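Q: Let me begin by handing over the structure; questions about it come next.
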Amino acid sequence: MIVAIDGPAGSGKSTIAKEIASQLHFKKLDTGAMYRAVAYTALSRGTDLDDEAAIEDLARSIDIRFTSATGEDTMISIDGVDASKEIRTPQVDANVSKVSAYPGVRSAMLVHQRRAAEDADIVAEGRDIGTVVFPHAEVKVFLTADPRERARRRVLQRHAGESLSCDAIEAEVDETLAALKRRDKLDASREVAPLVPAEDAVHIDSTSHSINEVVSMIEQLITEKR
Ligand code: DC
């Protein structure tokens, strides 16, 4: 079975997908991490992000691997080196939409994404899973949340375990919100595989639902299709 979860940044896709994978023993595929790996590698090598051909070559040549036992946090390695933290910096956030808009980058990632679903039940999350990667997925969800709430979640996630003042948090939420809106706009307006809901996707707004509630809703959809 394939469960596709698409939606904008910070809508809760990763957390929800992780929980479903853990509870149902599905494989989890974080496709955003793959585009992040391309952006991070280009930035660290000093490759010109405007050089489409060079970025596409890079995407085809790097070896991206996930190591995650079901339900655990995904670790990602690029050419054998762990880059799980490095792909989540604000610098990667700011540049990933540019590289993920290149058709050659997308086709290189698509091959790996489809291979991951061979012989496995999988919950895959991203922007084009239900529309392009797995158009025949049995369950498709389009997950959204209020933009400010999404920005707040990102900030709290970034500072998990630290004690920050409310003012400091709110200031960072403002900054993150602006960056997040920029990224949503780029992801939704690109020509190839834009962020749009599949026609047959079930829309879930997670703003006022707990993680467990959203997980239950999706598990209900899975049960209906089994
Ligand atoms: O889910 P995320 O924030 O880690 O995704 C990072 C970026 O990768 C996102 O801004 C757009 C791109 N992406 C994509 O184009 N297609 C996907 N299926 C997943 C992510």
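For the structure tokens, the naming scheme is as follows: chains receive sequential letters (A, B, ...) according to their order of presentation, residues are indexed from 1 within each chain, and ligands are indexed from 1 in presentation order.
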As JSON, numbers by chain, please: every protein or nucleic acid residue near ligand 1 (cut-off 8 Å, counting only C-alpha atoms and all ligand atoms).

A: {"A": [6, 8, 9, 10, 13, 14, 30, 31, 32, 33, 34, 35, 36, 88, 93, 96, 97, 100, 101, 106, 125, 126, 127, 128, 129, 133, 183, 184, 186, 187, 193, 194, 195]}

Q: How would the residues just chosen look if you wrote them out with N, CA, C and O atoms as a compact mmCIF listing (two decimals), in the first residue's frame?

A:
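Saved result, out.txt, follows:
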# COMPACT_ATOMS: atom_id res chain seq x y z
N ASP A 6 1.00 15.03 1.01
CA ASP A 6 1.58 16.25 0.45
C ASP A 6 1.10 17.46 1.24
O ASP A 6 0.06 17.41 1.90
N PRO A 8 2.31 21.96 2.30
CA PRO A 8 3.37 22.97 2.41
C PRO A 8 4.29 22.73 3.61
O PRO A 8 4.01 21.87 4.45
N ALA A 9 5.36 23.52 3.65
CA ALA A 9 6.34 23.41 4.73
C ALA A 9 5.68 23.61 6.10
O ALA A 9 4.88 24.52 6.26
N GLY A 10 6.03 22.75 7.02
CA GLY A 10 5.57 22.94 8.39
C GLY A 10 4.14 22.51 8.65
O GLY A 10 3.59 22.77 9.72
N LYS A 13 3.74 17.14 8.04
CA LYS A 13 3.86 15.91 7.24
C LYS A 13 4.85 14.91 7.84
O LYS A 13 4.55 13.73 7.96
N SER A 14 6.03 15.41 8.21
CA SER A 14 7.08 14.50 8.70
C SER A 14 6.68 13.80 9.98
O SER A 14 6.84 12.59 10.12
N ASP A 30 10.93 10.42 3.16
CA ASP A 30 10.92 11.89 3.27
C ASP A 30 11.55 12.44 1.99
O ASP A 30 12.78 12.54 1.89
N THR A 31 10.71 12.80 1.02
CA THR A 31 11.27 13.24 -0.27
C THR A 31 11.87 14.63 -0.19
O THR A 31 12.78 14.97 -0.95
N GLY A 32 11.39 15.45 0.74
CA GLY A 32 11.98 16.79 0.92
C GLY A 32 13.45 16.68 1.28
O GLY A 32 14.28 17.49 0.83
N ALA A 33 13.79 15.66 2.07
CA ALA A 33 15.18 15.48 2.49
C ALA A 33 16.08 15.23 1.27
O ALA A 33 17.25 15.63 1.26
N MET A 34 15.52 14.61 0.23
CA MET A 34 16.33 14.34 -0.96
C MET A 34 16.66 15.64 -1.70
O MET A 34 17.79 15.85 -2.14
N TYR A 35 15.66 16.51 -1.83
CA TYR A 35 15.92 17.81 -2.48
C TYR A 35 16.85 18.66 -1.62
O TYR A 35 17.70 19.38 -2.13
N ARG A 36 16.68 18.52 -0.32
CA ARG A 36 17.59 19.24 0.59
C ARG A 36 19.03 18.75 0.41
O ARG A 36 19.98 19.54 0.47
N ARG A 88 19.17 20.69 7.17
CA ARG A 88 18.02 21.41 7.78
C ARG A 88 18.37 22.83 8.22
O ARG A 88 17.71 23.40 9.08
N ASP A 93 17.09 25.80 3.65
CA ASP A 93 15.67 26.21 3.51
C ASP A 93 15.52 27.26 2.40
O ASP A 93 14.61 27.20 1.60
N VAL A 96 16.52 25.55 -1.32
CA VAL A 96 16.07 24.24 -1.81
C VAL A 96 15.00 24.36 -2.90
O VAL A 96 14.96 23.55 -3.83
N SER A 97 14.15 25.39 -2.82
CA SER A 97 13.10 25.50 -3.84
C SER A 97 13.68 25.75 -5.23
O SER A 97 13.12 25.30 -6.22
N SER A 100 14.97 22.39 -6.53
CA SER A 100 13.91 21.39 -6.73
C SER A 100 12.98 21.76 -7.88
O SER A 100 12.14 20.95 -8.28
N ALA A 101 13.13 22.96 -8.42
CA ALA A 101 12.31 23.34 -9.58
C ALA A 101 12.93 22.84 -10.89
O ALA A 101 12.26 22.85 -11.92
N ARG A 106 14.39 16.76 -10.55
CA ARG A 106 13.19 16.01 -10.17
C ARG A 106 13.19 14.60 -10.76
O ARG A 106 12.84 13.64 -10.10
N GLU A 125 6.09 11.35 1.95
CA GLU A 125 5.63 12.73 2.12
C GLU A 125 6.44 13.70 1.30
O GLU A 125 7.63 13.48 1.09
N GLY A 126 5.76 14.74 0.80
CA GLY A 126 6.45 15.72 -0.03
C GLY A 126 5.49 16.76 -0.58
O GLY A 126 4.63 17.28 0.14
N ARG A 127 5.67 17.08 -1.87
CA ARG A 127 4.84 18.09 -2.51
C ARG A 127 4.06 17.53 -3.69
O ARG A 127 3.02 18.04 -4.05
N ASP A 128 4.64 16.48 -4.34
CA ASP A 128 4.05 15.96 -5.58
C ASP A 128 3.85 14.46 -5.51
O ASP A 128 3.84 13.78 -6.53
N ILE A 129 3.72 13.93 -4.32
CA ILE A 129 3.65 12.47 -4.17
C ILE A 129 2.35 11.93 -4.78
O ILE A 129 2.38 10.97 -5.55
N VAL A 133 4.56 11.42 -8.28
CA VAL A 133 5.41 10.27 -7.91
C VAL A 133 4.58 8.98 -7.84
O VAL A 133 4.92 7.98 -8.47
N ARG A 183 8.89 30.25 0.24
CA ARG A 183 9.12 28.89 -0.24
C ARG A 183 7.81 28.27 -0.77
O ARG A 183 7.80 27.65 -1.83
N ASP A 184 6.71 28.48 -0.04
CA ASP A 184 5.41 27.96 -0.51
C ASP A 184 5.09 28.48 -1.90
O ASP A 184 4.61 27.76 -2.77
N LEU A 186 7.13 29.66 -4.23
CA LEU A 186 7.99 29.06 -5.27
C LEU A 186 7.57 27.62 -5.56
O LEU A 186 7.46 27.20 -6.71
N ASP A 187 7.30 26.85 -4.50
CA ASP A 187 6.94 25.42 -4.68
C ASP A 187 5.61 25.27 -5.41
O ASP A 187 5.41 24.33 -6.17
N ALA A 193 5.74 19.65 -11.58
CA ALA A 193 5.31 19.05 -10.32
C ALA A 193 5.12 20.07 -9.18
O ALA A 193 5.71 19.94 -8.11
N PRO A 194 4.28 21.08 -9.42
CA PRO A 194 4.09 22.08 -8.35
C PRO A 194 3.32 21.50 -7.16
O PRO A 194 2.72 20.43 -7.27
N LEU A 195 3.39 22.24 -6.05
CA LEU A 195 2.64 21.85 -4.86
C LEU A 195 1.17 22.17 -5.11
O LEU A 195 0.74 23.32 -5.00

Q: Can you list, as a PyMOL selection string, every protein, DNA or RNA residue that comes within 8 Å of stretch 72-85 of chain A when you count only C-alpha atoms, leaving out same-chain residues fewer than 6 positions away?

A: chain A and resi 18+22+33+37+62-66

Q: Run DSSP on the backbone and tell me which residues of chain A come out as helix (DSSP H, G or I); list them as a ChimeraX atom specification.

A: /A:13-24,31-45,52-61,86-88,90-100,103-116,129-133,147-158,166-189,211-225

Q: Identify, with DSSP run on backbone atoms, the residues in stretch 20-188 of chain A assigned to strand (DSSP E), and express the list as number ranges by chain.

A: A: 27-30, 64-67, 75-78, 81-82, 122-126, 139-144

Q: Given only C-alpha atoms as the basis, pick out the residue of A:Ala116, A:Val105, A:Val123, A:Val215 nearest to A:Val3.

A: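 Among the listed residues, the smallest separation from A:Val3 belongs to A:Val123.
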
Q: Using only C-alpha atoms, determine which residues lie at most 9 Å from A:Pro103, disregarding the query and same-chain residues fewer than 6 positions distant; provide the list as a ChimeraX atom specification.

A: /A:56,191-193

Q: What is the distance between atom CA of A:Leu221 and atom CA of A:Met1, in Å to one decimal?

A: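 Atom CA of A:Met1 lies at a distance of 11.9 Å from atom CA of A:Leu221.
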
Q: Mind dumping a table of every stretch 123-194 of chain A residue within 9 Å of stretch 109-115 of chain A, with the nearest atom pair and its distance in Å to one decimal, using only C-alpha atoms, sorted by chain and rising number, as JSON lines?

A:
{"residue": "A:Ala124", "atom": "CA", "partner": "A:Gln113", "partner_atom": "CA", "distance": 8.6}
{"residue": "A:Val132", "atom": "CA", "partner": "A:Leu110", "partner_atom": "CA", "distance": 8.9}
{"residue": "A:Val133", "atom": "CA", "partner": "A:Leu110", "partner_atom": "CA", "distance": 6.5}
{"residue": "A:Phe134", "atom": "CA", "partner": "A:Arg114", "partner_atom": "CA", "distance": 7.7}

Q: Generate the output file for the selected residues, all heavy atoms, as an mmCIF file, in the first residue's frame.

A:
data_model
loop_
_atom_site.group_PDB
_atom_site.id
_atom_site.type_symbol
_atom_site.label_atom_id
_atom_site.label_comp_id
_atom_site.auth_asym_id
_atom_site.auth_seq_id
_atom_site.Cartn_x
_atom_site.Cartn_y
_atom_site.Cartn_z
ATOM 1 N N ALA A 124 4.806 8.068 2.067
ATOM 2 C CA ALA A 124 5.748 9.010 1.456
ATOM 3 C C ALA A 124 5.206 10.418 1.606
ATOM 4 O O ALA A 124 4.011 10.649 1.411
ATOM 5 C CB ALA A 124 5.930 8.676 -0.021
ATOM 6 N N VAL A 132 2.358 13.208 -8.901
ATOM 7 C CA VAL A 132 3.365 12.789 -9.882
ATOM 8 C C VAL A 132 4.073 11.485 -9.500
ATOM 9 O O VAL A 132 4.186 10.564 -10.316
ATOM 10 C CB VAL A 132 4.430 13.910 -10.065
ATOM 11 C CG1 VAL A 132 5.554 13.456 -10.994
ATOM 12 C CG2 VAL A 132 3.781 15.179 -10.594
ATOM 13 N N VAL A 133 4.557 11.416 -8.280
ATOM 14 C CA VAL A 133 5.412 10.266 -7.910
ATOM 15 C C VAL A 133 4.582 8.983 -7.842
ATOM 16 O O VAL A 133 4.925 7.983 -8.473
ATOM 17 C CB VAL A 133 6.146 10.521 -6.571
ATOM 18 C CG1 VAL A 133 7.104 9.365 -6.261
ATOM 19 C CG2 VAL A 133 6.924 11.835 -6.617
ATOM 20 N N PHE A 134 3.476 9.041 -7.087
ATOM 21 C CA PHE A 134 2.610 7.860 -6.967
ATOM 22 C C PHE A 134 1.150 8.259 -7.240
ATOM 23 O O PHE A 134 0.324 8.312 -6.319
ATOM 24 C CB PHE A 134 2.720 7.253 -5.563
ATOM 25 C CG PHE A 134 4.100 6.789 -5.197
ATOM 26 C CD1 PHE A 134 4.753 7.309 -4.080
ATOM 27 C CD2 PHE A 134 4.755 5.819 -5.960
ATOM 28 C CE1 PHE A 134 6.038 6.880 -3.734
ATOM 29 C CE2 PHE A 134 6.041 5.399 -5.621
ATOM 30 C CZ PHE A 134 6.683 5.928 -4.512
#

Q: Please report the interatomic distance between atom CA of A:His136 and atom CA of A:Val196 in Å with one decimal.

A: 16.0 Å

Q: Determine, using only C-alpha atoms, which residues of stretch 10-112 of chain A have any atom at most 12 Å from an atom of stretch 138-141 of chain A, and tabulate each with its shortest atom pair and distance in Å to one decimal place, rows ordered by chain and then rising number, as a tab-separated table.

A:
residue	atom	partner	partner_atom	distance
A:Ser11	CA	A:Val141	CA	11.7
A:Gly12	CA	A:Val141	CA	11.9
A:Lys13	CA	A:Val141	CA	9.7
A:Ile16	CA	A:Val141	CA	11.1
A:Ala17	CA	A:Val141	CA	10.9
